[in-house]
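Notes for the one structure printed next.
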Amino acid sequence: MDTAYSAPPEIGRVQQLALIVGVVGLVLLGVGFFVHHEQAFRSYLLGYVFWIGISLGCLAILMLQHLTGGAWGLVIRRVLESATRTIPLMLLLFVPLALGLTSLYEWTHAANPGDTVLKHKQAYLNIPFFLGRAAIYFAIWLGLAYFLNKWSREQDRTADRSFSKRMQKISGPGLALFILTVTFASVDWVMSLDPHWFSTIFGLLFVAAWGVSCFSFVIAVMALLVNRKPMAGVVAPVHFHDLGKLLLALVMLWAYFNFSQYLIIWSGNIPEETRWFIYRTTGGWGWLAIAVIIFHFGLPFLLLLSRDLKRNASRLAIVAGVVLLMRLVDLFWLIAPRPIGETPATSYSQFHISWMDFAAPIGMGGLWLWFFIWQLKKRPLLPFNDPQLEETIEFGRQHGGH
């Protein structure tokens, strides 16, 4: 049964290519550490936040699927589970970030005696507490991924339906813990790059954004698998239609959170808050902001309204690919600008793109994809003992399946 539902052999070539690209990209980034180590750590953080966003977004959507059910989630469950099993890799890749804290974060240095903001935040922003919080985040994420994958595998082996109930029971509190940990992680890893600035909605932005990353990635993978066994006999246009609708919903939610943050800060007009946006909406950063608005929200929103596009796997995958690329651009817009000085009145660095901003995401992405495909090949692509599988296949056939 495992062999009948195993991944197609063609995916092995993609795995080999990903490993080659990953090694080359990381070697180039290693060279960059000797050229400009501060820029290298900044670029590394960019790539890290992007790829762990896919891993954690898939963890959230996996728990959501266990809670709600539905054919859309059953056909992508193995992809989601394989992505969650990359979290141990991301834990390993967190080590260079832990070693580069002093190069990334202003608050790791001795505070200016006149900087009252950093003095008040020292109880939270200090290296031991930062690393301790990161350990808690990973412990929760790894624990959730471990039990969800273990019980799913046991259900395949035994056909015991009680495992479905176990996965459902853990997913409710698991989602609550996920939102809390992602909120704190986004504040620690990204917002504290400028410790003088703050936003109370920043964590929810990342919850929505990593959900967008998950669906964009999953749609691209499913488009690659849909015409190959075993997915060719199961996945139907109606499943892509559902995935497209969910991607549209999350793109809208991401845009809503971003607009809400901007509107609240603009209407408050507090210098400590507005300066963060001022420097990101002028010069080259401003053009980048416009590109994010158009290609992360405007264009995908209009295209995903089309029913025909959402039911076409290849066209939907192109839209998902654009959105996934813009996720990286959006993170660059958040991470790359550097505050200059140690006071709230300080300015930001001018617009600049380093070659390491390409090498880091590509290199880390190649390694992540190699590990992901390795995990995908270890288990059947379909949960063949899930009680909803037959209903899912029949549902696809009734709505224009193969």
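Letters for chains follow the order of the structure tokens (A, B, ...), residue numbers begin at 1 for each chain, and ligand numbers begin at 1 in the order shown.
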Residues near range 376-382 of chain A, anyone? I mean within 9 Å using only C-alpha atoms, not counting same-chain ones fewer than 5 positions away, as a list in words. Met1, Asp2, Thr3, Ala4, Tyr5, Ser6, Ala7, Pro8, Ile11, Gly12, Leu74, Val75, Ile76, Arg77, Arg78, Val79, Glu81, Ser82, Ala83, Arg153, Pro230, Met231, Phe371 and Leu389 of chain A
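Summary of the local environment: counting only C-alpha atoms, residues at most 8 Å from Cys58 in chain A, other than itself and those fewer than 4 positions away along its chain, are Ile54, Leu62, Leu80, Glu81, Ala83, Thr84, Gly211, Cys214 and Phe215 of chain A.
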Selected residues written out with C-alpha atoms, as a short mmCIF file (atom, residue, chain, number, x, y, z; two decimals), in the first residue's frame:
data_model
loop_
_atom_site.label_atom_id
_atom_site.label_comp_id
_atom_site.auth_asym_id
_atom_site.auth_seq_id
_atom_site.Cartn_x
_atom_site.Cartn_y
_atom_site.Cartn_z
CA ILE A 54 6.63 28.02 5.15
CA LEU A 62 -2.28 21.19 9.21
CA LEU A 80 1.86 19.81 5.01
CA GLU A 81 3.26 17.08 7.23
CA ALA A 83 6.95 20.65 5.57
CA THR A 84 6.45 20.46 9.35
CA GLY A 211 -0.36 31.21 6.15
CA CYS A 214 2.05 27.92 3.17
CA PHE A 215 -0.80 27.93 0.66
#
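Each of A:Ala208, A:Met222, A:Ala71, A:Ile265 was checked against Val238 in chain A using only C-alpha atoms; the smallest atom-to-atom distance is that of A:Ala71.
Minimum atom-to-atom distances from A:Ser55, A:Ser164, A:Ser152, A:Ser199 to Leu89 in chain A were compared using only C-alpha atoms, and the lowest value belongs to A:Ser55.
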Rounded to one decimal, what separation in Å do you get between CA of Ala145 in chain A and CA of Ala176 in chain A? 14.5 Å
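Each of A:Gly22, A:Gly70, A:Gly53, A:Gly32 was compared to Leu243 in chain A using only C-alpha atoms, and A:Gly70 turns out to be the nearest.
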Within 9 Å of range 121-127 of chain A using only C-alpha atoms, minus same-chain residues under 5 positions, as a list in words: Ala98, Leu101, Trp107, Thr108, Ala111, Thr116, Gly132, Asp188, Ser192 and Pro195 of chain A
Give me the residues within 9 Å of range 293-306 of chain A as a PyMOL selection string, counting only C-alpha atoms and dropping any in the same chain fewer than 5 places off. chain A and resi 244-245+247-248+251-252+254-255+288+311+316+319-320+322-327+330
May I have the residues from that selection written out with N, CA and C atoms, as a PDB file, in the first residue's frame?
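Output saved as again26.pdb:
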ATOM      1  N   GLY A 244      -7.367  27.733  -3.931  1.00  0.00           N
ATOM      2  CA  GLY A 244      -7.324  29.106  -4.426  1.00  0.00           C
ATOM      3  C   GLY A 244      -8.176  30.046  -3.595  1.00  0.00           C
ATOM      4  N   LYS A 245      -9.340  29.573  -3.164  1.00  0.00           N
ATOM      5  CA  LYS A 245     -10.208  30.403  -2.321  1.00  0.00           C
ATOM      6  C   LYS A 245      -9.553  30.674  -0.971  1.00  0.00           C
ATOM      7  N   LEU A 247      -6.317  30.705  -0.382  1.00  0.00           N
ATOM      8  CA  LEU A 247      -5.213  31.632  -0.626  1.00  0.00           C
ATOM      9  C   LEU A 247      -5.738  33.058  -0.750  1.00  0.00           C
ATOM     10  N   LEU A 248      -6.845  33.230  -1.460  1.00  0.00           N
ATOM     11  CA  LEU A 248      -7.459  34.549  -1.597  1.00  0.00           C
ATOM     12  C   LEU A 248      -7.846  35.115  -0.235  1.00  0.00           C
ATOM     13  N   VAL A 251      -4.685  36.195   1.625  1.00  0.00           N
ATOM     14  CA  VAL A 251      -4.110  37.401   1.022  1.00  0.00           C
ATOM     15  C   VAL A 251      -4.896  38.634   1.479  1.00  0.00           C
ATOM     16  N   MET A 252      -6.211  38.520   1.512  1.00  0.00           N
ATOM     17  CA  MET A 252      -7.047  39.621   1.985  1.00  0.00           C
ATOM     18  C   MET A 252      -6.809  39.895   3.470  1.00  0.00           C
ATOM     19  N   TRP A 254      -4.057  39.277   5.195  1.00  0.00           N
ATOM     20  CA  TRP A 254      -2.734  39.908   5.295  1.00  0.00           C
ATOM     21  C   TRP A 254      -2.827  41.386   4.957  1.00  0.00           C
ATOM     22  N   ALA A 255      -3.545  41.717   3.884  1.00  0.00           N
ATOM     23  CA  ALA A 255      -3.695  43.122   3.481  1.00  0.00           C
ATOM     24  C   ALA A 255      -4.461  43.914   4.541  1.00  0.00           C
ATOM     25  N   LEU A 288       9.442  49.956  -3.581  1.00  0.00           N
ATOM     26  CA  LEU A 288       9.299  48.560  -3.171  1.00  0.00           C
ATOM     27  C   LEU A 288       7.966  48.343  -2.469  1.00  0.00           C
ATOM     28  N   ARG A 311      -9.490  26.831 -10.809  1.00  0.00           N
ATOM     29  CA  ARG A 311      -9.656  25.410 -11.141  1.00  0.00           C
ATOM     30  C   ARG A 311      -8.589  24.911 -12.109  1.00  0.00           C
ATOM     31  N   LEU A 316      -3.082  28.660 -11.555  1.00  0.00           N
ATOM     32  CA  LEU A 316      -3.115  28.963 -10.124  1.00  0.00           C
ATOM     33  C   LEU A 316      -1.710  28.891  -9.532  1.00  0.00           C
ATOM     34  N   VAL A 319       0.148  32.160 -10.173  1.00  0.00           N
ATOM     35  CA  VAL A 319      -0.271  33.205  -9.230  1.00  0.00           C
ATOM     36  C   VAL A 319       0.353  32.939  -7.855  1.00  0.00           C
ATOM     37  N   ALA A 320       0.312  31.678  -7.421  1.00  0.00           N
ATOM     38  CA  ALA A 320       0.896  31.324  -6.129  1.00  0.00           C
ATOM     39  C   ALA A 320       2.395  31.602  -6.108  1.00  0.00           C
ATOM     40  N   VAL A 322       3.988  33.928  -7.800  1.00  0.00           N
ATOM     41  CA  VAL A 322       4.174  35.379  -7.689  1.00  0.00           C
ATOM     42  C   VAL A 322       3.982  35.832  -6.243  1.00  0.00           C
ATOM     43  N   VAL A 323       2.941  35.314  -5.609  1.00  0.00           N
ATOM     44  CA  VAL A 323       2.674  35.679  -4.215  1.00  0.00           C
ATOM     45  C   VAL A 323       3.825  35.233  -3.314  1.00  0.00           C
ATOM     46  N   LEU A 324       4.352  34.034  -3.555  1.00  0.00           N
ATOM     47  CA  LEU A 324       5.457  33.533  -2.741  1.00  0.00           C
ATOM     48  C   LEU A 324       6.702  34.396  -2.932  1.00  0.00           C
ATOM     49  N   LEU A 325       6.963  34.818  -4.164  1.00  0.00           N
ATOM     50  CA  LEU A 325       8.090  35.715  -4.415  1.00  0.00           C
ATOM     51  C   LEU A 325       7.903  37.042  -3.690  1.00  0.00           C
ATOM     52  N   MET A 326       6.680  37.552  -3.705  1.00  0.00           N
ATOM     53  CA  MET A 326       6.413  38.821  -3.031  1.00  0.00           C
ATOM     54  C   MET A 326       6.472  38.688  -1.517  1.00  0.00           C
ATOM     55  N   ARG A 327       6.275  37.488  -1.002  1.00  0.00           N
ATOM     56  CA  ARG A 327       6.486  37.284   0.423  1.00  0.00           C
ATOM     57  C   ARG A 327       7.953  37.577   0.776  1.00  0.00           C
ATOM     58  N   ASP A 330       8.461  41.334   0.557  1.00  0.00           N
ATOM     59  CA  ASP A 330       7.882  41.992   1.725  1.00  0.00           C
ATOM     60  C   ASP A 330       8.799  41.847   2.935  1.00  0.00           C
TER      61      ASP A 330
END
Could you give me, as a ChimeraX atom specification, the residues within 12 Å of Pro173 in chain A, counting only C-alpha atoms and dropping anything in the same chain fewer than 5 positions from it? /A:60,63-64,67,140,144,167-168,178-180
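For Gln155 in chain A, the set of protein, DNA and RNA residues having any atom at most 9 Å away, when counting only C-alpha atoms and skipping those fewer than 5 positions along the same chain, is Lys150, Asp160, Arg161, Ser162, Phe163, Ser164, Pro383, Phe384, Asn385 and Asp386 of chain A.
For the pair CA of Leu205 in chain A and CA of Phe257 in chain A, the interatomic distance is 5.9 Å.
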Run DSSP on the backbone and tell me which residues of range 301-355 of chain A come out as alpha helix (DSSP H); list them as JSON, numbers by chain. {"A": [301, 302, 303, 307, 308, 309, 310, 313, 314, 315, 316, 317, 318, 319, 320, 321, 322, 323, 324, 325, 326, 327, 328, 329, 330, 331, 332, 333, 334, 335]}
Writer output for current selection, C-alpha atoms, as a PDB file, in the first residue's frame:
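What landed in selection-v8.pdb:
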ATOM      1  CA  PHE A 301      -6.845  39.575  -5.462  1.00  0.00           C
ATOM      2  CA  LEU A 302      -8.208  40.309  -8.939  1.00  0.00           C
ATOM      3  CA  LEU A 303      -6.902  37.085 -10.490  1.00  0.00           C
ATOM      4  CA  ARG A 307     -13.352  30.627 -10.830  1.00  0.00           C
ATOM      5  CA  ASP A 308     -11.745  29.269 -13.999  1.00  0.00           C
ATOM      6  CA  LEU A 309      -8.264  30.332 -12.913  1.00  0.00           C
ATOM      7  CA  LYS A 310      -8.618  28.696  -9.500  1.00  0.00           C
ATOM      8  CA  ALA A 313      -3.662  23.979 -11.658  1.00  0.00           C
ATOM      9  CA  SER A 314      -0.925  25.539 -13.812  1.00  0.00           C
ATOM     10  CA  ARG A 315      -2.415  29.052 -13.832  1.00  0.00           C
ATOM     11  CA  LEU A 316      -3.115  28.963 -10.124  1.00  0.00           C
ATOM     12  CA  ALA A 317       0.459  27.819  -9.522  1.00  0.00           C
ATOM     13  CA  ILE A 318       1.776  30.865 -11.420  1.00  0.00           C
ATOM     14  CA  VAL A 319      -0.271  33.205  -9.230  1.00  0.00           C
ATOM     15  CA  ALA A 320       0.896  31.324  -6.129  1.00  0.00           C
ATOM     16  CA  GLY A 321       4.499  31.615  -7.308  1.00  0.00           C
ATOM     17  CA  VAL A 322       4.174  35.379  -7.689  1.00  0.00           C
ATOM     18  CA  VAL A 323       2.674  35.679  -4.215  1.00  0.00           C
ATOM     19  CA  LEU A 324       5.457  33.533  -2.741  1.00  0.00           C
ATOM     20  CA  LEU A 325       8.090  35.715  -4.415  1.00  0.00           C
ATOM     21  CA  MET A 326       6.413  38.821  -3.031  1.00  0.00           C
ATOM     22  CA  ARG A 327       6.486  37.284   0.423  1.00  0.00           C
ATOM     23  CA  LEU A 328      10.279  37.404   0.141  1.00  0.00           C
ATOM     24  CA  VAL A 329      10.153  40.992  -1.157  1.00  0.00           C
ATOM     25  CA  ASP A 330       7.882  41.992   1.725  1.00  0.00           C
ATOM     26  CA  LEU A 331      10.296  40.485   4.241  1.00  0.00           C
ATOM     27  CA  PHE A 332      13.170  42.324   2.575  1.00  0.00           C
ATOM     28  CA  TRP A 333      11.169  45.547   2.984  1.00  0.00           C
ATOM     29  CA  LEU A 334      10.746  44.772   6.685  1.00  0.00           C
ATOM     30  CA  ILE A 335      14.273  43.550   7.459  1.00  0.00           C
TER      31      ILE A 335
END
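Each of A:Trp370, A:Trp285, A:Phe147, A:Phe240 was compared to Gly73 in chain A using only C-alpha atoms, and A:Phe240 turns out to be the nearest.
Considering the residues A:Leu142, A:Leu56, A:Leu246, A:Val14 and counting only C-alpha atoms, Val207 in chain A has its shortest atom-to-atom contact with A:Leu56.
In terms of minimum interatomic distance to Val226 in chain A, A:His239 ranks closest within A:Val187, A:His239, A:Tyr279, A:Arg42, counting only C-alpha atoms.
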